$ cat work-v4.txt   # compact mmCIF, N, CA and C atoms
# COMPACT_ATOMS: atom_id res chain seq x y z
N MET A 1 91.93 67.30 93.37
CA MET A 1 92.34 68.02 94.56
C MET A 1 91.31 67.82 95.65
N PRO A 2 91.74 67.61 96.87
CA PRO A 2 90.77 67.44 97.95
C PRO A 2 90.12 68.77 98.28
N GLU A 3 88.86 68.65 98.66
CA GLU A 3 88.13 69.86 99.03
C GLU A 3 88.59 70.32 100.40
N SER A 4 88.58 71.63 100.60
CA SER A 4 88.99 72.15 101.91
C SER A 4 87.84 71.94 102.89
N THR A 5 88.21 71.70 104.08
CA THR A 5 87.21 71.49 105.13
C THR A 5 87.14 72.70 106.02
N ALA A 6 86.20 72.67 106.94
CA ALA A 6 86.03 73.79 107.86
C ALA A 6 87.25 73.92 108.78
N ARG A 7 87.98 72.82 109.00
CA ARG A 7 89.17 72.90 109.85
C ARG A 7 90.29 73.69 109.20
N ASP A 8 90.32 73.77 107.87
CA ASP A 8 91.39 74.48 107.17
C ASP A 8 91.21 75.99 107.25
N ALA A 9 90.00 76.45 107.45
CA ALA A 9 89.74 77.89 107.49
C ALA A 9 90.16 78.44 108.85
N PRO A 10 90.77 79.65 108.87
CA PRO A 10 91.15 80.24 110.15
C PRO A 10 89.91 80.57 110.98
N ALA A 11 90.06 80.51 112.26
CA ALA A 11 88.95 80.80 113.17
C ALA A 11 88.57 82.27 113.05
N PRO A 12 87.28 82.58 113.14
CA PRO A 12 86.85 83.99 113.04
C PRO A 12 87.49 84.88 114.10
N SER A 13 87.72 84.35 115.30
CA SER A 13 88.33 85.18 116.33
C SER A 13 89.78 85.49 115.99
N LEU A 14 90.47 84.57 115.31
CA LEU A 14 91.84 84.82 114.90
C LEU A 14 91.87 85.91 113.83
N ILE A 15 90.97 85.85 112.89
CA ILE A 15 90.89 86.88 111.85
C ILE A 15 90.55 88.23 112.48
N ARG A 16 89.58 88.24 113.39
CA ARG A 16 89.18 89.48 114.05
C ARG A 16 90.36 90.06 114.85
N SER A 17 91.10 89.22 115.54
CA SER A 17 92.26 89.68 116.31
C SER A 17 93.33 90.26 115.37
N GLY A 18 93.54 89.61 114.24
CA GLY A 18 94.50 90.11 113.27
C GLY A 18 94.10 91.46 112.71
N VAL A 19 92.82 91.62 112.44
CA VAL A 19 92.33 92.89 111.91
C VAL A 19 92.48 94.00 112.96
N VAL A 20 92.13 93.69 114.19
CA VAL A 20 92.28 94.69 115.27
C VAL A 20 93.74 95.09 115.42
N TYR A 21 94.64 94.12 115.40
CA TYR A 21 96.06 94.39 115.52
C TYR A 21 96.56 95.26 114.36
N ALA A 22 96.15 94.92 113.14
CA ALA A 22 96.57 95.68 111.96
C ALA A 22 96.04 97.11 112.01
N VAL A 23 94.78 97.28 112.35
CA VAL A 23 94.19 98.62 112.43
C VAL A 23 94.88 99.45 113.51
N ALA A 24 95.16 98.85 114.66
CA ALA A 24 95.83 99.57 115.74
C ALA A 24 97.23 100.01 115.31
N ASN A 25 97.95 99.16 114.61
CA ASN A 25 99.29 99.54 114.15
C ASN A 25 99.24 100.64 113.10
N VAL A 26 98.26 100.58 112.20
CA VAL A 26 98.13 101.62 111.18
C VAL A 26 97.78 102.96 111.85
N LEU A 27 96.87 102.94 112.81
CA LEU A 27 96.51 104.17 113.51
C LEU A 27 97.70 104.73 114.30
N ALA A 28 98.44 103.87 114.95
CA ALA A 28 99.61 104.33 115.72
C ALA A 28 100.67 104.93 114.79
N ALA A 29 100.85 104.33 113.63
CA ALA A 29 101.83 104.86 112.69
C ALA A 29 101.33 106.16 112.03
N GLY A 30 100.02 106.34 111.96
CA GLY A 30 99.46 107.52 111.33
C GLY A 30 99.37 108.73 112.21
N VAL A 31 99.57 108.58 113.51
CA VAL A 31 99.44 109.72 114.43
C VAL A 31 100.39 110.86 114.06
N PRO A 32 101.69 110.60 113.82
CA PRO A 32 102.55 111.72 113.44
C PRO A 32 102.10 112.39 112.15
N PHE A 33 101.61 111.61 111.21
CA PHE A 33 101.13 112.18 109.94
C PHE A 33 99.94 113.11 110.17
N PHE A 34 99.01 112.68 111.03
CA PHE A 34 97.84 113.51 111.29
C PHE A 34 98.16 114.71 112.17
N LEU A 35 99.20 114.63 112.97
CA LEU A 35 99.60 115.75 113.81
C LEU A 35 100.43 116.78 113.06
N LEU A 36 100.91 116.45 111.88
CA LEU A 36 101.77 117.36 111.13
C LEU A 36 101.15 118.74 110.93
N PRO A 37 99.89 118.85 110.49
CA PRO A 37 99.32 120.20 110.35
C PRO A 37 99.21 120.95 111.68
N VAL A 38 98.92 120.23 112.74
CA VAL A 38 98.81 120.86 114.06
C VAL A 38 100.17 121.36 114.51
N LEU A 39 101.18 120.50 114.36
CA LEU A 39 102.52 120.88 114.81
C LEU A 39 103.09 122.04 114.02
N THR A 40 102.85 122.08 112.71
CA THR A 40 103.41 123.16 111.90
C THR A 40 102.75 124.50 112.22
N ARG A 41 101.52 124.48 112.70
CA ARG A 41 100.85 125.74 113.06
C ARG A 41 101.11 126.14 114.51
N ALA A 42 101.24 125.16 115.38
CA ALA A 42 101.37 125.45 116.81
C ALA A 42 102.80 125.76 117.22
N LEU A 43 103.78 125.25 116.48
CA LEU A 43 105.17 125.42 116.87
C LEU A 43 105.89 126.41 115.97
N ARG A 44 106.80 127.14 116.58
CA ARG A 44 107.68 128.00 115.78
C ARG A 44 108.66 127.10 115.04
N PRO A 45 109.29 127.57 113.98
CA PRO A 45 110.23 126.71 113.24
C PRO A 45 111.35 126.14 114.11
N GLU A 46 111.84 126.91 115.08
CA GLU A 46 112.90 126.42 115.96
C GLU A 46 112.39 125.27 116.83
N GLU A 47 111.17 125.39 117.32
CA GLU A 47 110.58 124.33 118.14
C GLU A 47 110.29 123.09 117.31
N TYR A 48 109.84 123.31 116.10
CA TYR A 48 109.58 122.17 115.21
C TYR A 48 110.88 121.45 114.88
N ALA A 49 111.97 122.21 114.74
CA ALA A 49 113.28 121.59 114.47
C ALA A 49 113.70 120.70 115.63
N VAL A 50 113.38 121.10 116.86
CA VAL A 50 113.71 120.27 118.03
C VAL A 50 112.93 118.97 117.98
N VAL A 51 111.64 119.05 117.65
CA VAL A 51 110.80 117.85 117.58
C VAL A 51 111.32 116.89 116.50
N VAL A 52 111.61 117.42 115.34
CA VAL A 52 112.09 116.58 114.24
C VAL A 52 113.46 115.99 114.58
N SER A 53 114.34 116.79 115.15
CA SER A 53 115.66 116.29 115.53
C SER A 53 115.56 115.20 116.58
N PHE A 54 114.66 115.36 117.53
CA PHE A 54 114.47 114.36 118.57
C PHE A 54 114.05 113.03 117.94
N TYR A 55 113.07 113.06 117.05
CA TYR A 55 112.60 111.81 116.44
C TYR A 55 113.63 111.21 115.49
N MET A 56 114.44 112.05 114.86
CA MET A 56 115.54 111.51 114.05
C MET A 56 116.55 110.81 114.94
N LEU A 57 116.83 111.39 116.10
CA LEU A 57 117.78 110.77 117.03
C LEU A 57 117.21 109.48 117.61
N VAL A 58 115.92 109.44 117.87
CA VAL A 58 115.29 108.19 118.32
C VAL A 58 115.50 107.10 117.27
N ALA A 59 115.29 107.43 116.01
CA ALA A 59 115.49 106.45 114.94
C ALA A 59 116.95 106.00 114.85
N LEU A 60 117.89 106.93 115.05
CA LEU A 60 119.30 106.56 115.02
C LEU A 60 119.69 105.69 116.22
N CYS A 61 119.12 105.97 117.37
CA CYS A 61 119.43 105.21 118.58
C CYS A 61 118.77 103.83 118.60
N ALA A 62 117.78 103.62 117.77
CA ALA A 62 117.03 102.36 117.79
C ALA A 62 117.92 101.15 117.51
N GLY A 63 118.97 101.32 116.73
CA GLY A 63 119.86 100.21 116.44
C GLY A 63 120.70 99.78 117.63
N LEU A 64 121.13 100.73 118.44
CA LEU A 64 121.97 100.41 119.59
C LEU A 64 121.15 100.13 120.83
N ALA A 65 120.11 100.89 121.03
CA ALA A 65 119.27 100.70 122.22
C ALA A 65 118.37 99.49 122.01
N GLY A 66 118.62 98.45 122.73
CA GLY A 66 117.82 97.23 122.61
C GLY A 66 118.44 96.18 121.72
N LEU A 67 119.32 96.59 120.81
CA LEU A 67 120.01 95.67 119.91
C LEU A 67 119.07 94.74 119.15
N SER A 68 117.84 95.15 118.95
CA SER A 68 116.84 94.37 118.21
C SER A 68 116.65 92.97 118.76
N VAL A 69 116.72 92.84 120.07
CA VAL A 69 116.57 91.52 120.68
C VAL A 69 115.14 91.00 120.60
N GLN A 70 114.18 91.87 120.26
CA GLN A 70 112.80 91.42 120.15
C GLN A 70 112.63 90.36 119.07
N SER A 71 113.46 90.40 118.05
CA SER A 71 113.41 89.38 117.00
C SER A 71 113.84 88.02 117.55
N ALA A 72 114.90 88.02 118.34
CA ALA A 72 115.37 86.77 118.94
C ALA A 72 114.33 86.20 119.90
N VAL A 73 113.67 87.08 120.64
CA VAL A 73 112.63 86.62 121.57
C VAL A 73 111.48 85.98 120.81
N GLY A 74 111.07 86.59 119.72
CA GLY A 74 109.99 86.02 118.92
C GLY A 74 110.33 84.65 118.38
N VAL A 75 111.55 84.49 117.90
CA VAL A 75 111.97 83.18 117.38
C VAL A 75 112.01 82.15 118.50
N GLN A 76 112.52 82.54 119.65
CA GLN A 76 112.61 81.60 120.78
C GLN A 76 111.24 81.15 121.25
N TRP A 77 110.30 82.06 121.32
CA TRP A 77 108.96 81.71 121.80
C TRP A 77 108.27 80.74 120.85
N LEU A 78 108.59 80.84 119.58
CA LEU A 78 107.91 79.98 118.61
C LEU A 78 108.64 78.67 118.34
N SER A 79 109.91 78.56 118.72
CA SER A 79 110.66 77.37 118.37
C SER A 79 111.16 76.55 119.56
N ARG A 80 111.01 77.04 120.76
CA ARG A 80 111.54 76.34 121.93
C ARG A 80 110.43 76.04 122.93
N PRO A 81 110.69 75.12 123.86
CA PRO A 81 109.73 74.92 124.95
C PRO A 81 109.59 76.18 125.79
N ARG A 82 108.43 76.34 126.42
CA ARG A 82 108.14 77.56 127.19
C ARG A 82 109.17 77.88 128.26
N ASP A 83 109.69 76.86 128.94
CA ASP A 83 110.66 77.11 130.01
C ASP A 83 111.94 77.74 129.47
N GLU A 84 112.42 77.23 128.35
CA GLU A 84 113.63 77.79 127.74
C GLU A 84 113.37 79.19 127.21
N ALA A 85 112.20 79.41 126.63
CA ALA A 85 111.88 80.72 126.06
C ALA A 85 111.80 81.78 127.14
N ARG A 86 111.34 81.42 128.32
CA ARG A 86 111.26 82.39 129.41
C ARG A 86 112.65 82.85 129.83
N HIS A 87 113.59 81.94 129.88
CA HIS A 87 114.96 82.31 130.23
C HIS A 87 115.57 83.21 129.16
N THR A 88 115.29 82.90 127.91
CA THR A 88 115.78 83.73 126.81
C THR A 88 115.18 85.12 126.89
N THR A 89 113.90 85.21 127.22
CA THR A 89 113.25 86.51 127.33
C THR A 89 113.87 87.34 128.45
N GLY A 90 114.13 86.71 129.58
CA GLY A 90 114.78 87.42 130.68
C GLY A 90 116.15 87.95 130.30
N SER A 91 116.91 87.11 129.62
CA SER A 91 118.24 87.54 129.16
C SER A 91 118.12 88.68 128.14
N ALA A 92 117.14 88.59 127.27
CA ALA A 92 116.94 89.63 126.26
C ALA A 92 116.57 90.96 126.91
N ILE A 93 115.77 90.91 127.95
CA ILE A 93 115.40 92.14 128.66
C ILE A 93 116.63 92.78 129.30
N VAL A 94 117.50 91.96 129.88
CA VAL A 94 118.73 92.48 130.48
C VAL A 94 119.62 93.10 129.39
N VAL A 95 119.77 92.43 128.27
CA VAL A 95 120.56 92.96 127.16
C VAL A 95 119.97 94.28 126.68
N ALA A 96 118.65 94.34 126.55
CA ALA A 96 118.00 95.56 126.10
C ALA A 96 118.21 96.71 127.08
N LEU A 97 118.11 96.43 128.37
CA LEU A 97 118.30 97.49 129.37
C LEU A 97 119.74 97.99 129.39
N VAL A 98 120.70 97.07 129.34
CA VAL A 98 122.11 97.48 129.36
C VAL A 98 122.47 98.25 128.10
N SER A 99 122.03 97.76 126.95
CA SER A 99 122.35 98.46 125.70
C SER A 99 121.66 99.81 125.63
N THR A 100 120.47 99.93 126.23
CA THR A 100 119.79 101.22 126.26
C THR A 100 120.55 102.21 127.15
N ALA A 101 121.04 101.74 128.28
CA ALA A 101 121.83 102.61 129.16
C ALA A 101 123.10 103.09 128.45
N ILE A 102 123.77 102.19 127.75
CA ILE A 102 124.98 102.56 127.00
C ILE A 102 124.62 103.56 125.89
N ALA A 103 123.52 103.30 125.19
CA ALA A 103 123.09 104.20 124.12
C ALA A 103 122.75 105.58 124.67
N ALA A 104 122.16 105.63 125.86
CA ALA A 104 121.81 106.92 126.47
C ALA A 104 123.07 107.73 126.78
N VAL A 105 124.08 107.06 127.32
CA VAL A 105 125.33 107.76 127.63
C VAL A 105 126.03 108.23 126.36
N VAL A 106 126.13 107.34 125.38
CA VAL A 106 126.78 107.70 124.11
C VAL A 106 126.01 108.83 123.43
N SER A 107 124.71 108.74 123.45
CA SER A 107 123.88 109.77 122.82
C SER A 107 124.04 111.12 123.51
N ALA A 108 124.09 111.11 124.83
CA ALA A 108 124.24 112.36 125.57
C ALA A 108 125.58 113.03 125.30
N VAL A 109 126.59 112.22 125.02
CA VAL A 109 127.93 112.77 124.78
C VAL A 109 128.12 113.17 123.32
N VAL A 110 127.70 112.32 122.40
CA VAL A 110 128.01 112.51 120.98
C VAL A 110 126.93 113.30 120.23
N ALA A 111 125.68 113.01 120.48
CA ALA A 111 124.59 113.58 119.67
C ALA A 111 124.48 115.10 119.69
N PRO A 112 124.77 115.79 120.80
CA PRO A 112 124.66 117.25 120.74
C PRO A 112 125.57 117.91 119.71
N ARG A 113 126.60 117.20 119.28
CA ARG A 113 127.46 117.75 118.22
C ARG A 113 126.75 117.72 116.87
N TRP A 114 125.93 116.69 116.65
CA TRP A 114 125.18 116.57 115.39
C TRP A 114 123.85 117.31 115.44
N PHE A 115 123.26 117.36 116.62
CA PHE A 115 121.98 118.02 116.82
C PHE A 115 122.15 119.12 117.86
N PRO A 116 122.69 120.27 117.48
CA PRO A 116 122.99 121.30 118.47
C PRO A 116 121.76 121.88 119.16
N GLU A 117 120.59 121.70 118.57
CA GLU A 117 119.37 122.21 119.19
C GLU A 117 118.87 121.34 120.33
N LEU A 118 119.47 120.15 120.50
CA LEU A 118 119.07 119.23 121.57
C LEU A 118 120.08 119.26 122.71
N SER A 119 119.58 119.30 123.91
CA SER A 119 120.45 119.26 125.08
C SER A 119 120.92 117.81 125.30
N PRO A 120 122.01 117.62 126.04
CA PRO A 120 122.46 116.25 126.32
C PRO A 120 121.38 115.41 127.02
N ALA A 121 120.61 116.03 127.91
CA ALA A 121 119.54 115.28 128.59
C ALA A 121 118.47 114.83 127.59
N LEU A 122 118.14 115.68 126.64
CA LEU A 122 117.15 115.32 125.63
C LEU A 122 117.69 114.23 124.70
N CYS A 123 118.99 114.27 124.43
CA CYS A 123 119.61 113.22 123.61
C CYS A 123 119.56 111.87 124.33
N ALA A 124 119.84 111.88 125.63
CA ALA A 124 119.75 110.65 126.41
C ALA A 124 118.31 110.15 126.45
N THR A 125 117.36 111.07 126.54
CA THR A 125 115.94 110.69 126.54
C THR A 125 115.55 110.03 125.22
N ALA A 126 116.11 110.50 124.12
CA ALA A 126 115.82 109.88 122.82
C ALA A 126 116.28 108.42 122.81
N ALA A 127 117.44 108.15 123.39
CA ALA A 127 117.92 106.77 123.47
C ALA A 127 117.03 105.94 124.38
N LEU A 128 116.54 106.53 125.47
CA LEU A 128 115.63 105.81 126.36
C LEU A 128 114.31 105.50 125.66
N VAL A 129 113.82 106.42 124.85
CA VAL A 129 112.59 106.16 124.09
C VAL A 129 112.82 105.01 123.11
N ALA A 130 113.96 105.00 122.46
CA ALA A 130 114.27 103.91 121.53
C ALA A 130 114.36 102.58 122.27
N GLY A 131 114.96 102.58 123.45
CA GLY A 131 115.06 101.35 124.24
C GLY A 131 113.70 100.87 124.72
N CYS A 132 112.84 101.80 125.13
CA CYS A 132 111.49 101.42 125.55
C CYS A 132 110.70 100.85 124.39
N THR A 133 110.91 101.38 123.21
CA THR A 133 110.25 100.84 122.02
C THR A 133 110.71 99.40 121.77
N SER A 134 111.98 99.15 121.97
CA SER A 134 112.49 97.79 121.81
C SER A 134 111.89 96.86 122.85
N LEU A 135 111.80 97.31 124.09
CA LEU A 135 111.20 96.49 125.13
C LEU A 135 109.71 96.24 124.85
N GLN A 136 109.04 97.24 124.36
CA GLN A 136 107.62 97.12 124.06
C GLN A 136 107.39 96.13 122.92
N ALA A 137 108.37 96.02 122.02
CA ALA A 137 108.24 95.09 120.90
C ALA A 137 108.37 93.64 121.35
N MET A 138 108.81 93.41 122.59
CA MET A 138 108.94 92.05 123.13
C MET A 138 107.68 91.63 123.85
N ARG A 139 106.55 92.11 123.47
CA ARG A 139 105.31 91.88 124.23
C ARG A 139 104.74 90.48 124.10
N PHE A 140 105.48 89.55 123.63
CA PHE A 140 105.04 88.17 123.59
C PHE A 140 104.67 87.76 124.98

$ encode --input "work-v4.txt" --output "structure tokens"
Amino acid sequence: MPESTARDAPAPSLIRSGVVYAVANVLAAGVPFFLLPVLTRALRPEEYAVVVSFYMLVALCAGLAGLSVQSAVGVQWLSRPRDEARHTTGSAIVVALVSTAIAAVVSAVVAPRWFPELSPALCATAALVAGCTSLQAMRF
């Protein structure tokens, strides 16, 4: 077997960037977990139900708001020339914005029946949060 050379090893800055990215994602995902004791003491049960319902609705709206176009953008950036990928990204942003607007309207009309503690405006806001999360995932 041929011996590995220094060119085969990943660059230290690439490893450092990967570690920073991984740590940032773990910390961002852990914020709700660490806030749980604070929220359970600071909020009345009715208020806590609103918070939980809102985040459940955000998770439900995530499929419609943005239509997961961030995956298509990632594939395009890695497999196509830069000029073509830019056009795809622009189209994906338009699709994400339109689908988020549709999700906000549908959520404002339908979701208060499932989540009576949430107002229609708060239901629409949950869809907007889901859409913004989809747009943020396109940060290529």

$ closest_residue --input "work-v4.txt" --among "A:Val98, A:Val110, A:Ile93, A:Ala62" --to "A:Ala130" --atoms "only N, CA and C atoms"
A:Ala62

$ atom_distance --input "work-v4.txt" --atom1 "atom CA of A:Ser99" --atom2 "atom CA of A:Gly131"
8.0 Å

$ axis_aligned_box --input "work-v4.txt" --around "stretch 73-82 of chain A" --padding-each-side "5 Å" --output "AutoDock Vina command-line options"
--center_x 110.8 --center_y 81.0 --center_z 122.8 --size_x 15.8 --size_y 22.2 --size_z 20.9

$ residues_around --input "work-v4.txt" --residues "A:Thr125" --least-positions-apart "3" --cutoff "9 Å" --atoms "only C-alpha atoms" --output "number ranges by chain"
A: 54, 58, 104, 107-108, 120-122, 128-130

$ residues_around --input "work-v4.txt" --residues "A:Thr89" --least-positions-apart "6" --cutoff "8 Å" --atoms "only N, CA and C atoms" --output "number ranges by chain"
A: 72-74, 76-77, 95

$ atom_distance --input "work-v4.txt" --atom1 "atom N of A:Ala22" --atom2 "atom CA of A:Leu78"
19.8 Å

$ select_by_dssp --input "work-v4.txt" --residues "chain A" --states "alpha helix (DSSP H)" --output "number ranges by chain"
A: 12-42, 45-61, 69-79, 82-114, 120-136

$ atom_distance --input "work-v4.txt" --atom1 "atom CA of A:Thr88" --atom2 "atom C of A:Gly66"
13.7 Å

$ closest_residue --input "work-v4.txt" --among "A:Met138, A:Leu57, A:Ala85, A:Ala92" --to "A:Ala111" --atoms "all atoms listed in the file"
A:Leu57

$ build_atoms --input "work-v4.txt" --residues "stretch 23-34 of chain A" --atoms "all heavy atoms" --output "PDB file, keeping the file's coordinate frame"
ATOM      1  N   VAL A  23      94.780  97.280 112.350  1.00  0.00           N
ATOM      2  CA  VAL A  23      94.190  98.620 112.430  1.00  0.00           C
ATOM      3  C   VAL A  23      94.880  99.450 113.510  1.00  0.00           C
ATOM      4  O   VAL A  23      95.186 100.635 113.307  1.00  0.00           O
ATOM      5  CB  VAL A  23      92.661  98.543 112.673  1.00  0.00           C
ATOM      6  CG1 VAL A  23      92.082  99.895 113.026  1.00  0.00           C
ATOM      7  CG2 VAL A  23      91.973  97.972 111.440  1.00  0.00           C
ATOM      8  N   ALA A  24      95.160  98.850 114.660  1.00  0.00           N
ATOM      9  CA  ALA A  24      95.830  99.570 115.740  1.00  0.00           C
ATOM     10  C   ALA A  24      97.230 100.010 115.310  1.00  0.00           C
ATOM     11  O   ALA A  24      97.640 101.145 115.606  1.00  0.00           O
ATOM     12  CB  ALA A  24      95.912  98.696 116.984  1.00  0.00           C
ATOM     13  N   ASN A  25      97.950  99.160 114.610  1.00  0.00           N
ATOM     14  CA  ASN A  25      99.290  99.540 114.150  1.00  0.00           C
ATOM     15  C   ASN A  25      99.240 100.640 113.100  1.00  0.00           C
ATOM     16  O   ASN A  25     100.068 101.539 113.106  1.00  0.00           O
ATOM     17  CB  ASN A  25     100.035  98.323 113.609  1.00  0.00           C
ATOM     18  CG  ASN A  25     100.617  97.486 114.712  1.00  0.00           C
ATOM     19  OD1 ASN A  25     100.940  97.995 115.781  1.00  0.00           O
ATOM     20  ND2 ASN A  25     100.756  96.199 114.469  1.00  0.00           N
ATOM     21  N   VAL A  26      98.260 100.580 112.200  1.00  0.00           N
ATOM     22  CA  VAL A  26      98.130 101.620 111.180  1.00  0.00           C
ATOM     23  C   VAL A  26      97.780 102.960 111.850  1.00  0.00           C
ATOM     24  O   VAL A  26      98.351 104.004 111.503  1.00  0.00           O
ATOM     25  CB  VAL A  26      97.066 101.231 110.133  1.00  0.00           C
ATOM     26  CG1 VAL A  26      96.676 102.412 109.264  1.00  0.00           C
ATOM     27  CG2 VAL A  26      97.579 100.087 109.280  1.00  0.00           C
ATOM     28  N   LEU A  27      96.870 102.940 112.810  1.00  0.00           N
ATOM     29  CA  LEU A  27      96.510 104.170 113.510  1.00  0.00           C
ATOM     30  C   LEU A  27      97.700 104.730 114.300  1.00  0.00           C
ATOM     31  O   LEU A  27      97.926 105.947 114.297  1.00  0.00           O
ATOM     32  CB  LEU A  27      95.319 103.933 114.435  1.00  0.00           C
ATOM     33  CG  LEU A  27      93.977 103.703 113.746  1.00  0.00           C
ATOM     34  CD1 LEU A  27      92.905 103.371 114.775  1.00  0.00           C
ATOM     35  CD2 LEU A  27      93.585 104.911 112.914  1.00  0.00           C
ATOM     36  N   ALA A  28      98.440 103.870 114.950  1.00  0.00           N
ATOM     37  CA  ALA A  28      99.610 104.330 115.720  1.00  0.00           C
ATOM     38  C   ALA A  28     100.670 104.930 114.790  1.00  0.00           C
ATOM     39  O   ALA A  28     101.299 105.933 115.129  1.00  0.00           O
ATOM     40  CB  ALA A  28     100.202 103.176 116.517  1.00  0.00           C
ATOM     41  N   ALA A  29     100.850 104.330 113.630  1.00  0.00           N
ATOM     42  CA  ALA A  29     101.830 104.860 112.690  1.00  0.00           C
ATOM     43  C   ALA A  29     101.330 106.160 112.030  1.00  0.00           C
ATOM     44  O   ALA A  29     102.132 106.990 111.616  1.00  0.00           O
ATOM     45  CB  ALA A  29     102.132 103.829 111.609  1.00  0.00           C
ATOM     46  N   GLY A  30     100.020 106.340 111.960  1.00  0.00           N
ATOM     47  CA  GLY A  30      99.460 107.520 111.330  1.00  0.00           C
ATOM     48  C   GLY A  30      99.370 108.730 112.210  1.00  0.00           C
ATOM     49  O   GLY A  30      99.128 109.848 111.724  1.00  0.00           O
ATOM     50  N   VAL A  31      99.570 108.580 113.510  1.00  0.00           N
ATOM     51  CA  VAL A  31      99.440 109.720 114.430  1.00  0.00           C
ATOM     52  C   VAL A  31     100.390 110.860 114.060  1.00  0.00           C
ATOM     53  O   VAL A  31      99.952 112.006 113.962  1.00  0.00           O
ATOM     54  CB  VAL A  31      99.631 109.260 115.896  1.00  0.00           C
ATOM     55  CG1 VAL A  31      99.801 110.436 116.832  1.00  0.00           C
ATOM     56  CG2 VAL A  31      98.445 108.412 116.328  1.00  0.00           C
ATOM     57  N   PRO A  32     101.690 110.600 113.820  1.00  0.00           N
ATOM     58  CA  PRO A  32     102.550 111.720 113.440  1.00  0.00           C
ATOM     59  C   PRO A  32     102.100 112.390 112.150  1.00  0.00           C
ATOM     60  O   PRO A  32     102.204 113.617 112.004  1.00  0.00           O
ATOM     61  CB  PRO A  32     103.929 111.086 113.268  1.00  0.00           C
ATOM     62  CG  PRO A  32     103.871 109.840 114.062  1.00  0.00           C
ATOM     63  CD  PRO A  32     102.456 109.373 114.010  1.00  0.00           C
ATOM     64  N   PHE A  33     101.610 111.610 111.210  1.00  0.00           N
ATOM     65  CA  PHE A  33     101.130 112.180 109.940  1.00  0.00           C
ATOM     66  C   PHE A  33      99.940 113.110 110.170  1.00  0.00           C
ATOM     67  O   PHE A  33      99.869 114.205 109.617  1.00  0.00           O
ATOM     68  CB  PHE A  33     100.756 111.048 108.980  1.00  0.00           C
ATOM     69  CG  PHE A  33     100.203 111.540 107.683  1.00  0.00           C
ATOM     70  CD1 PHE A  33     101.029 112.110 106.737  1.00  0.00           C
ATOM     71  CD2 PHE A  33      98.853 111.433 107.410  1.00  0.00           C
ATOM     72  CE1 PHE A  33     100.517 112.577 105.528  1.00  0.00           C
ATOM     73  CE2 PHE A  33      98.326 111.889 106.210  1.00  0.00           C
ATOM     74  CZ  PHE A  33      99.165 112.456 105.270  1.00  0.00           C
ATOM     75  N   PHE A  34      99.010 112.680 111.030  1.00  0.00           N
ATOM     76  CA  PHE A  34      97.840 113.510 111.290  1.00  0.00           C
ATOM     77  C   PHE A  34      98.160 114.710 112.170  1.00  0.00           C
ATOM     78  O   PHE A  34      97.455 115.717 112.124  1.00  0.00           O
ATOM     79  CB  PHE A  34      96.722 112.671 111.933  1.00  0.00           C
ATOM     80  CG  PHE A  34      96.147 111.655 110.995  1.00  0.00           C
ATOM     81  CD1 PHE A  34      96.199 110.303 111.299  1.00  0.00           C
ATOM     82  CD2 PHE A  34      95.567 112.035 109.792  1.00  0.00           C
ATOM     83  CE1 PHE A  34      95.680 109.361 110.420  1.00  0.00           C
ATOM     84  CE2 PHE A  34      95.045 111.102 108.910  1.00  0.00           C
ATOM     85  CZ  PHE A  34      95.106 109.758 109.225  1.00  0.00           C
TER      86      PHE A  34
END
